[in-house]
Amino acid sequence: DDVVRFTSKVGEDWNFGCPISWSFRRISNRVDRRSGDSAFSFECIPTNLDGSVLSTCMDTDVINTPLSPIIHECADNFVMIGFNTTFDDVAKDRLWKFYCCTLPDVQLSDCTTSKDLTRSFSY
């Protein structure tokens with residue numbers, strides 16, 4: 001099973017992106033009640049569909065303010081392959097940026113939106 005895994009540390013800023021031509025399969029977190037932060041775990045799997053390679057990638061600006069929901073959707077036919085986050089120790093919350101890329105000549109369909117994810121979650 002080709003899988004790349006990453007687990008963040010509580011209270012630290014971090015960047016994580018799947019390797020080129022890979023995308024997220026699983027995202028989960030565990031809340032640390034003392035710090036107010038979470039440790040996040042990510043799994044990536046190959047997204048090489050019929051030889052297509054991810055291209056035309058872009059970073060977002062910070063998409064949330066402290067204590068606000070994280071709502072982001074990559075553009076049509078883009079897949080999310082990375083994150084950048086900083087922990088705001090005063091607000092006890094994280095600020096997020098996302099990294100999305102296209103799959104040329106591939107039409108994504110039957111995509112779903114996850115339910116609202118609060119506290120500890122696994123998707």
# chains A, B, ... in the order shown; residues from 1 in each chain; ligands from 1
>>> residues_around(residues="A:Pro46", least_positions_apart="6", cutoff="10 Å", atoms="only C-alpha atoms", output="list in words")
Asp2, Val3, Val4, Cys18, Pro19, Ile20, Ser21, Trp22, Ser23, Phe24 and Arg25 of chain A
>>> write_last_selection(atoms="all heavy atoms", output="PDB file, in the first residue's frame")
ATOM      1  N   ASP A   2       0.879   2.023  -1.083  1.00  0.00           N
ATOM      2  CA  ASP A   2       1.660   3.253  -1.174  1.00  0.00           C
ATOM      3  C   ASP A   2       0.960   4.359  -0.403  1.00  0.00           C
ATOM      4  O   ASP A   2      -0.061   4.894  -0.845  1.00  0.00           O
ATOM      5  CB  ASP A   2       1.819   3.684  -2.631  1.00  0.00           C
ATOM      6  CG  ASP A   2       2.768   2.810  -3.400  1.00  0.00           C
ATOM      7  OD1 ASP A   2       3.583   2.128  -2.755  1.00  0.00           O
ATOM      8  OD2 ASP A   2       2.712   2.802  -4.638  1.00  0.00           O
ATOM      9  N   VAL A   3       1.502   4.716   0.757  1.00  0.00           N
ATOM     10  CA  VAL A   3       0.910   5.762   1.593  1.00  0.00           C
ATOM     11  C   VAL A   3       2.041   6.583   2.193  1.00  0.00           C
ATOM     12  O   VAL A   3       3.052   6.046   2.632  1.00  0.00           O
ATOM     13  CB  VAL A   3       0.061   5.162   2.740  1.00  0.00           C
ATOM     14  CG1 VAL A   3      -0.489   6.245   3.637  1.00  0.00           C
ATOM     15  CG2 VAL A   3      -1.069   4.309   2.192  1.00  0.00           C
ATOM     16  N   VAL A   4       1.876   7.921   2.197  1.00  0.00           N
ATOM     17  CA  VAL A   4       2.794   8.816   2.888  1.00  0.00           C
ATOM     18  C   VAL A   4       2.028   9.368   4.084  1.00  0.00           C
ATOM     19  O   VAL A   4       0.888   9.814   3.940  1.00  0.00           O
ATOM     20  CB  VAL A   4       3.258   9.967   1.970  1.00  0.00           C
ATOM     21  CG1 VAL A   4       4.027  11.015   2.760  1.00  0.00           C
ATOM     22  CG2 VAL A   4       4.105   9.427   0.831  1.00  0.00           C
ATOM     23  N   CYS A  18       1.471  16.726   0.184  1.00  0.00           N
ATOM     24  CA  CYS A  18       1.675  15.401  -0.401  1.00  0.00           C
ATOM     25  C   CYS A  18       2.750  15.502  -1.477  1.00  0.00           C
ATOM     26  O   CYS A  18       2.953  16.559  -2.067  1.00  0.00           O
ATOM     27  CB  CYS A  18       0.375  14.909  -1.038  1.00  0.00           C
ATOM     28  SG  CYS A  18      -0.964  14.636   0.137  1.00  0.00           S
ATOM     29  N   PRO A  19       3.441  14.413  -1.770  1.00  0.00           N
ATOM     30  CA  PRO A  19       4.410  14.423  -2.864  1.00  0.00           C
ATOM     31  C   PRO A  19       3.719  14.762  -4.203  1.00  0.00           C
ATOM     32  O   PRO A  19       2.494  14.647  -4.323  1.00  0.00           O
ATOM     33  CB  PRO A  19       4.939  12.979  -2.892  1.00  0.00           C
ATOM     34  CG  PRO A  19       4.658  12.439  -1.528  1.00  0.00           C
ATOM     35  CD  PRO A  19       3.396  13.111  -1.080  1.00  0.00           C
ATOM     36  N   ILE A  20       4.506  15.154  -5.188  1.00  0.00           N
ATOM     37  CA  ILE A  20       3.967  15.470  -6.516  1.00  0.00           C
ATOM     38  C   ILE A  20       3.161  14.277  -7.031  1.00  0.00           C
ATOM     39  O   ILE A  20       3.599  13.132  -6.931  1.00  0.00           O
ATOM     40  CB  ILE A  20       5.117  15.799  -7.509  1.00  0.00           C
ATOM     41  CG1 ILE A  20       5.868  17.047  -7.039  1.00  0.00           C
ATOM     42  CG2 ILE A  20       4.589  15.970  -8.916  1.00  0.00           C
ATOM     43  CD1 ILE A  20       5.049  18.310  -7.016  1.00  0.00           C
ATOM     44  N   SER A  21       1.985  14.556  -7.553  1.00  0.00           N
ATOM     45  CA  SER A  21       1.055  13.567  -8.114  1.00  0.00           C
ATOM     46  C   SER A  21       0.406  12.671  -7.052  1.00  0.00           C
ATOM     47  O   SER A  21      -0.069  11.587  -7.360  1.00  0.00           O
ATOM     48  CB  SER A  21       1.712  12.716  -9.205  1.00  0.00           C
ATOM     49  OG  SER A  21       2.071  13.553 -10.277  1.00  0.00           O
ATOM     50  N   TRP A  22       0.391  13.123  -5.802  1.00  0.00           N
ATOM     51  CA  TRP A  22      -0.322  12.444  -4.733  1.00  0.00           C
ATOM     52  C   TRP A  22      -1.345  13.423  -4.167  1.00  0.00           C
ATOM     53  O   TRP A  22      -1.215  14.631  -4.328  1.00  0.00           O
ATOM     54  CB  TRP A  22       0.631  12.032  -3.613  1.00  0.00           C
ATOM     55  CG  TRP A  22       1.622  10.970  -3.972  1.00  0.00           C
ATOM     56  CD1 TRP A  22       2.423  10.916  -5.079  1.00  0.00           C
ATOM     57  CD2 TRP A  22       1.925   9.808  -3.223  1.00  0.00           C
ATOM     58  NE1 TRP A  22       3.206   9.797  -5.050  1.00  0.00           N
ATOM     59  CE2 TRP A  22       2.924   9.099  -3.918  1.00  0.00           C
ATOM     60  CE3 TRP A  22       1.464   9.309  -2.017  1.00  0.00           C
ATOM     61  CZ2 TRP A  22       3.458   7.905  -3.453  1.00  0.00           C
ATOM     62  CZ3 TRP A  22       2.003   8.118  -1.548  1.00  0.00           C
ATOM     63  CH2 TRP A  22       2.987   7.427  -2.266  1.00  0.00           C
ATOM     64  N   SER A  23      -2.379  12.916  -3.475  1.00  0.00           N
ATOM     65  CA  SER A  23      -3.355  13.786  -2.816  1.00  0.00           C
ATOM     66  C   SER A  23      -3.812  13.139  -1.513  1.00  0.00           C
ATOM     67  O   SER A  23      -3.505  11.979  -1.243  1.00  0.00           O
ATOM     68  CB  SER A  23      -4.544  14.078  -3.728  1.00  0.00           C
ATOM     69  OG  SER A  23      -5.223  12.879  -4.045  1.00  0.00           O
ATOM     70  N   PHE A  24      -4.554  13.911  -0.701  1.00  0.00           N
ATOM     71  CA  PHE A  24      -4.979  13.418   0.607  1.00  0.00           C
ATOM     72  C   PHE A  24      -5.980  12.278   0.509  1.00  0.00           C
ATOM     73  O   PHE A  24      -6.894  12.314  -0.298  1.00  0.00           O
ATOM     74  CB  PHE A  24      -5.602  14.545   1.438  1.00  0.00           C
ATOM     75  CG  PHE A  24      -4.601  15.561   1.862  1.00  0.00           C
ATOM     76  CD1 PHE A  24      -4.569  16.810   1.289  1.00  0.00           C
ATOM     77  CD2 PHE A  24      -3.666  15.247   2.833  1.00  0.00           C
ATOM     78  CE1 PHE A  24      -3.629  17.744   1.667  1.00  0.00           C
ATOM     79  CE2 PHE A  24      -2.714  16.176   3.231  1.00  0.00           C
ATOM     80  CZ  PHE A  24      -2.701  17.430   2.639  1.00  0.00           C
ATOM     81  N   ARG A  25      -5.782  11.279   1.346  1.00  0.00           N
ATOM     82  CA  ARG A  25      -6.746  10.200   1.495  1.00  0.00           C
ATOM     83  C   ARG A  25      -7.450  10.325   2.840  1.00  0.00           C
ATOM     84  O   ARG A  25      -8.633  10.046   2.955  1.00  0.00           O
ATOM     85  CB  ARG A  25      -6.067   8.836   1.411  1.00  0.00           C
ATOM     86  CG  ARG A  25      -7.044   7.695   1.745  1.00  0.00           C
ATOM     87  CD  ARG A  25      -6.440   6.350   1.563  1.00  0.00           C
ATOM     88  NE  ARG A  25      -5.536   6.018   2.666  1.00  0.00           N
ATOM     89  CZ  ARG A  25      -4.957   4.831   2.785  1.00  0.00           C
ATOM     90  NH1 ARG A  25      -5.163   3.894   1.869  1.00  0.00           N
ATOM     91  NH2 ARG A  25      -4.151   4.586   3.783  1.00  0.00           N
TER      92      ARG A  25
END
>>> residues_around(residues="A:Met58", least_positions_apart="5", cutoff="10 Å", atoms="only C-alpha atoms", output="PDB file with C-alpha atoms, in the first residue's frame")
ATOM      1  CA  CYS A  74     -10.280  24.180  -4.327  1.00  0.00           C
ATOM      2  CA  PHE A  78      -8.213  21.036  -8.492  1.00  0.00           C
ATOM      3  CA  MET A  80      -5.929  19.754  -2.264  1.00  0.00           C
ATOM      4  CA  PHE A  98      -4.108  25.532   1.430  1.00  0.00           C
ATOM      5  CA  TYR A  99      -2.248  24.306  -1.653  1.00  0.00           C
ATOM      6  CA  CYS A 100      -4.293  23.021  -4.614  1.00  0.00           C
ATOM      7  CA  CYS A 101      -3.256  21.631  -8.031  1.00  0.00           C
ATOM      8  CA  THR A 102      -5.030  20.593 -11.235  1.00  0.00           C
TER       9      THR A 102
END
>>> closest_residue(among="A:Val31, A:Leu95, A:Ile81, A:Leu54", to="A:Asp13", atoms="only C-alpha atoms")
A:Leu95
>>> residues_around(residues="A:Gln107", least_positions_apart="2", cutoff="10 Å", atoms="only C-alpha atoms", output="list in words")
Asp76, Asn77, Phe78, Thr102, Leu103, Pro104, Asp105 and Ser109 of chain A
>>> write_last_selection(atoms="all heavy atoms", output="compact mmCIF listing (two decimals), in the first residue's frame")
# COMPACT_ATOMS: atom_id res chain seq x y z
N ASP A 76 -12.62 24.20 -9.43
CA ASP A 76 -13.04 23.02 -10.19
C ASP A 76 -11.83 22.29 -10.76
O ASP A 76 -10.92 22.91 -11.31
CB ASP A 76 -13.97 23.42 -11.34
CG ASP A 76 -15.35 23.82 -10.85
OD1 ASP A 76 -15.65 23.59 -9.67
OD2 ASP A 76 -16.11 24.38 -11.66
N ASN A 77 -11.84 20.98 -10.63
CA ASN A 77 -10.79 20.08 -11.12
C ASN A 77 -9.43 20.32 -10.48
O ASN A 77 -8.40 19.97 -11.05
CB ASN A 77 -10.70 20.10 -12.65
CG ASN A 77 -11.90 19.42 -13.24
OD1 ASN A 77 -12.35 18.38 -12.74
ND2 ASN A 77 -12.46 20.00 -14.29
N PHE A 78 -9.42 20.91 -9.30
CA PHE A 78 -8.21 21.04 -8.49
C PHE A 78 -8.34 20.08 -7.32
O PHE A 78 -9.45 19.83 -6.84
CB PHE A 78 -8.05 22.46 -7.94
CG PHE A 78 -7.42 23.43 -8.89
CD1 PHE A 78 -8.08 23.84 -10.03
CD2 PHE A 78 -6.16 23.94 -8.62
CE1 PHE A 78 -7.51 24.76 -10.89
CE2 PHE A 78 -5.58 24.86 -9.48
CZ PHE A 78 -6.25 25.27 -10.63
N THR A 102 -4.13 21.21 -10.26
CA THR A 102 -5.03 20.59 -11.23
C THR A 102 -4.48 19.26 -11.70
O THR A 102 -3.28 18.97 -11.59
CB THR A 102 -5.20 21.45 -12.50
OG1 THR A 102 -3.93 21.61 -13.12
CG2 THR A 102 -5.81 22.79 -12.18
N LEU A 103 -5.37 18.45 -12.22
CA LEU A 103 -5.02 17.22 -12.93
C LEU A 103 -5.41 17.46 -14.38
O LEU A 103 -6.59 17.39 -14.72
CB LEU A 103 -5.81 16.03 -12.38
CG LEU A 103 -5.31 15.40 -11.11
CD1 LEU A 103 -6.37 14.48 -10.52
CD2 LEU A 103 -4.04 14.63 -11.38
N PRO A 104 -4.46 17.81 -15.25
CA PRO A 104 -4.81 18.10 -16.64
C PRO A 104 -5.51 16.92 -17.30
O PRO A 104 -5.20 15.76 -17.05
CB PRO A 104 -3.46 18.35 -17.31
CG PRO A 104 -2.50 18.58 -16.21
CD PRO A 104 -3.03 17.87 -15.01
N ASP A 105 -6.49 17.25 -18.12
CA ASP A 105 -7.22 16.24 -18.91
C ASP A 105 -7.98 15.23 -18.05
O ASP A 105 -8.34 14.16 -18.52
CB ASP A 105 -6.28 15.48 -19.86
CG ASP A 105 -5.54 16.42 -20.78
OD1 ASP A 105 -6.16 17.39 -21.26
OD2 ASP A 105 -4.34 16.20 -21.01
N SER A 109 -15.40 14.01 -10.71
CA SER A 109 -16.85 13.90 -10.55
C SER A 109 -17.16 13.13 -9.28
O SER A 109 -16.29 12.52 -8.68
CB SER A 109 -17.48 13.21 -11.75
OG SER A 109 -17.01 11.89 -11.86
>>> select_by_dssp(residues="stretch 13-66 of chain A", states="strand (DSSP E or B)", output="PDB file with N, CA, C and O atoms, in the first residue's frame")
ATOM      1  N   TRP A  14       3.598  24.528  11.092  1.00  0.00           N
ATOM      2  CA  TRP A  14       4.085  23.489  10.195  1.00  0.00           C
ATOM      3  C   TRP A  14       3.523  23.652   8.801  1.00  0.00           C
ATOM      4  O   TRP A  14       2.527  24.315   8.582  1.00  0.00           O
ATOM      5  N   ASN A  15       4.227  23.034   7.859  1.00  0.00           N
ATOM      6  CA  ASN A  15       3.815  22.915   6.461  1.00  0.00           C
ATOM      7  C   ASN A  15       3.786  21.435   6.146  1.00  0.00           C
ATOM      8  O   ASN A  15       4.673  20.702   6.574  1.00  0.00           O
ATOM      9  N   PHE A  16       2.808  21.011   5.389  1.00  0.00           N
ATOM     10  CA  PHE A  16       2.824  19.640   4.905  1.00  0.00           C
ATOM     11  C   PHE A  16       2.149  19.599   3.558  1.00  0.00           C
ATOM     12  O   PHE A  16       1.092  20.205   3.363  1.00  0.00           O
ATOM     13  N   GLY A  17       2.764  18.914   2.642  1.00  0.00           N
ATOM     14  CA  GLY A  17       2.163  18.695   1.333  1.00  0.00           C
ATOM     15  C   GLY A  17       2.434  17.279   0.876  1.00  0.00           C
ATOM     16  O   GLY A  17       3.482  16.701   1.177  1.00  0.00           O
ATOM     17  N   TRP A  22       0.391  13.123  -5.802  1.00  0.00           N
ATOM     18  CA  TRP A  22      -0.322  12.444  -4.733  1.00  0.00           C
ATOM     19  C   TRP A  22      -1.345  13.423  -4.167  1.00  0.00           C
ATOM     20  O   TRP A  22      -1.215  14.631  -4.328  1.00  0.00           O
ATOM     21  N   SER A  23      -2.379  12.916  -3.475  1.00  0.00           N
ATOM     22  CA  SER A  23      -3.355  13.786  -2.816  1.00  0.00           C
ATOM     23  C   SER A  23      -3.812  13.139  -1.513  1.00  0.00           C
ATOM     24  O   SER A  23      -3.505  11.979  -1.243  1.00  0.00           O
ATOM     25  N   PHE A  24      -4.554  13.911  -0.701  1.00  0.00           N
ATOM     26  CA  PHE A  24      -4.979  13.418   0.607  1.00  0.00           C
ATOM     27  C   PHE A  24      -5.980  12.278   0.509  1.00  0.00           C
ATOM     28  O   PHE A  24      -6.894  12.314  -0.298  1.00  0.00           O
ATOM     29  N   ARG A  25      -5.782  11.279   1.346  1.00  0.00           N
ATOM     30  CA  ARG A  25      -6.746  10.200   1.495  1.00  0.00           C
ATOM     31  C   ARG A  25      -7.450  10.325   2.840  1.00  0.00           C
ATOM     32  O   ARG A  25      -8.633  10.046   2.955  1.00  0.00           O
ATOM     33  N   ARG A  26      -6.729  10.732   3.866  1.00  0.00           N
ATOM     34  CA  ARG A  26      -7.291  10.773   5.214  1.00  0.00           C
ATOM     35  C   ARG A  26      -6.699  11.949   5.982  1.00  0.00           C
ATOM     36  O   ARG A  26      -5.507  12.230   5.878  1.00  0.00           O
ATOM     37  N   ILE A  27      -7.552  12.618   6.744  1.00  0.00           N
ATOM     38  CA  ILE A  27      -7.136  13.694   7.635  1.00  0.00           C
ATOM     39  C   ILE A  27      -7.829  13.452   8.970  1.00  0.00           C
ATOM     40  O   ILE A  27      -9.024  13.183   9.009  1.00  0.00           O
ATOM     41  N   SER A  28      -7.075  13.509  10.054  1.00  0.00           N
ATOM     42  CA  SER A  28      -7.687  13.358  11.373  1.00  0.00           C
ATOM     43  C   SER A  28      -6.968  14.268  12.359  1.00  0.00           C
ATOM     44  O   SER A  28      -5.872  14.750  12.086  1.00  0.00           O
ATOM     45  N   ASN A  29      -7.616  14.537  13.496  1.00  0.00           N
ATOM     46  CA  ASN A  29      -6.963  15.335  14.523  1.00  0.00           C
ATOM     47  C   ASN A  29      -7.285  14.805  15.905  1.00  0.00           C
ATOM     48  O   ASN A  29      -8.213  14.031  16.095  1.00  0.00           O
ATOM     49  N   ARG A  30      -6.468  15.233  16.853  1.00  0.00           N
ATOM     50  CA  ARG A  30      -6.658  14.898  18.266  1.00  0.00           C
ATOM     51  C   ARG A  30      -6.458  16.187  19.051  1.00  0.00           C
ATOM     52  O   ARG A  30      -5.417  16.840  18.954  1.00  0.00           O
ATOM     53  N   VAL A  31      -7.484  16.611  19.797  1.00  0.00           N
ATOM     54  CA  VAL A  31      -7.435  17.861  20.555  1.00  0.00           C
ATOM     55  C   VAL A  31      -6.620  17.667  21.828  1.00  0.00           C
ATOM     56  O   VAL A  31      -6.797  16.693  22.554  1.00  0.00           O
ATOM     57  N   ASP A  32      -5.708  18.617  22.079  1.00  0.00           N
ATOM     58  CA  ASP A  32      -4.942  18.668  23.315  1.00  0.00           C
ATOM     59  C   ASP A  32      -5.600  19.743  24.185  1.00  0.00           C
ATOM     60  O   ASP A  32      -5.448  20.935  23.928  1.00  0.00           O
ATOM     61  N   ASP A  37      -4.780  23.363  21.303  1.00  0.00           N
ATOM     62  CA  ASP A  37      -4.391  23.049  19.933  1.00  0.00           C
ATOM     63  C   ASP A  37      -4.721  21.583  19.632  1.00  0.00           C
ATOM     64  O   ASP A  37      -5.178  20.848  20.494  1.00  0.00           O
ATOM     65  N   SER A  38      -4.466  21.193  18.404  1.00  0.00           N
ATOM     66  CA  SER A  38      -4.667  19.806  17.984  1.00  0.00           C
ATOM     67  C   SER A  38      -3.417  19.285  17.311  1.00  0.00           C
ATOM     68  O   SER A  38      -2.649  20.053  16.725  1.00  0.00           O
ATOM     69  N   ALA A  39      -3.230  17.980  17.378  1.00  0.00           N
ATOM     70  CA  ALA A  39      -2.233  17.302  16.552  1.00  0.00           C
ATOM     71  C   ALA A  39      -3.007  16.727  15.374  1.00  0.00           C
ATOM     72  O   ALA A  39      -4.071  16.141  15.549  1.00  0.00           O
ATOM     73  N   PHE A  40      -2.499  16.932  14.169  1.00  0.00           N
ATOM     74  CA  PHE A  40      -3.165  16.477  12.954  1.00  0.00           C
ATOM     75  C   PHE A  40      -2.362  15.356  12.318  1.00  0.00           C
ATOM     76  O   PHE A  40      -1.133  15.373  12.334  1.00  0.00           O
ATOM     77  N   SER A  41      -3.068  14.392  11.749  1.00  0.00           N
ATOM     78  CA  SER A  41      -2.434  13.302  11.004  1.00  0.00           C
ATOM     79  C   SER A  41      -2.984  13.307   9.587  1.00  0.00           C
ATOM     80  O   SER A  41      -4.184  13.511   9.380  1.00  0.00           O
ATOM     81  N   PHE A  42      -2.093  13.090   8.627  1.00  0.00           N
ATOM     82  CA  PHE A  42      -2.470  13.096   7.217  1.00  0.00           C
ATOM     83  C   PHE A  42      -1.941  11.846   6.540  1.00  0.00           C
ATOM     84  O   PHE A  42      -0.866  11.356   6.883  1.00  0.00           O
ATOM     85  N   GLU A  43      -2.687  11.349   5.578  1.00  0.00           N
ATOM     86  CA  GLU A  43      -2.233  10.262   4.716  1.00  0.00           C
ATOM     87  C   GLU A  43      -2.439  10.700   3.269  1.00  0.00           C
ATOM     88  O   GLU A  43      -3.495  11.242   2.931  1.00  0.00           O
ATOM     89  N   CYS A  44      -1.440  10.463   2.438  1.00  0.00           N
ATOM     90  CA  CYS A  44      -1.514  10.769   1.011  1.00  0.00           C
ATOM     91  C   CYS A  44      -1.369   9.474   0.215  1.00  0.00           C
ATOM     92  O   CYS A  44      -0.658   8.558   0.637  1.00  0.00           O
ATOM     93  N   ILE A  45      -2.043   9.435  -0.925  1.00  0.00           N
ATOM     94  CA  ILE A  45      -1.943   8.288  -1.833  1.00  0.00           C
ATOM     95  C   ILE A  45      -1.683   8.803  -3.240  1.00  0.00           C
ATOM     96  O   ILE A  45      -1.971   9.962  -3.558  1.00  0.00           O
ATOM     97  N   PRO A  46      -1.136   7.966  -4.123  1.00  0.00           N
ATOM     98  CA  PRO A  46      -0.883   8.403  -5.497  1.00  0.00           C
ATOM     99  C   PRO A  46      -2.165   8.835  -6.195  1.00  0.00           C
ATOM    100  O   PRO A  46      -3.216   8.228  -6.016  1.00  0.00           O
ATOM    101  N   SER A  55      -0.477  19.647 -11.941  1.00  0.00           N
ATOM    102  CA  SER A  55       0.198  20.845 -12.429  1.00  0.00           C
ATOM    103  C   SER A  55      -0.640  22.059 -12.066  1.00  0.00           C
ATOM    104  O   SER A  55      -1.677  21.940 -11.416  1.00  0.00           O
ATOM    105  N   THR A  56      -0.222  23.221 -12.488  1.00  0.00           N
ATOM    106  CA  THR A  56      -0.918  24.473 -12.223  1.00  0.00           C
ATOM    107  C   THR A  56      -1.353  24.524 -10.760  1.00  0.00           C
ATOM    108  O   THR A  56      -2.531  24.405 -10.432  1.00  0.00           O
ATOM    109  N   CYS A  57      -0.384  24.660  -9.888  1.00  0.00           N
ATOM    110  CA  CYS A  57      -0.654  24.660  -8.456  1.00  0.00           C
ATOM    111  C   CYS A  57      -0.721  26.088  -7.927  1.00  0.00           C
ATOM    112  O   CYS A  57      -0.123  26.998  -8.491  1.00  0.00           O
ATOM    113  N   MET A  58      -1.494  26.274  -6.847  1.00  0.00           N
ATOM    114  CA  MET A  58      -1.585  27.598  -6.242  1.00  0.00           C
ATOM    115  C   MET A  58      -1.823  27.506  -4.745  1.00  0.00           C
ATOM    116  O   MET A  58      -2.479  26.594  -4.263  1.00  0.00           O
ATOM    117  N   ASP A  59      -1.222  28.473  -4.031  1.00  0.00           N
ATOM    118  CA  ASP A  59      -1.428  28.635  -2.593  1.00  0.00           C
ATOM    119  C   ASP A  59      -2.564  29.618  -2.364  1.00  0.00           C
ATOM    120  O   ASP A  59      -2.737  30.554  -3.139  1.00  0.00           O
TER     121      ASP A  59
END
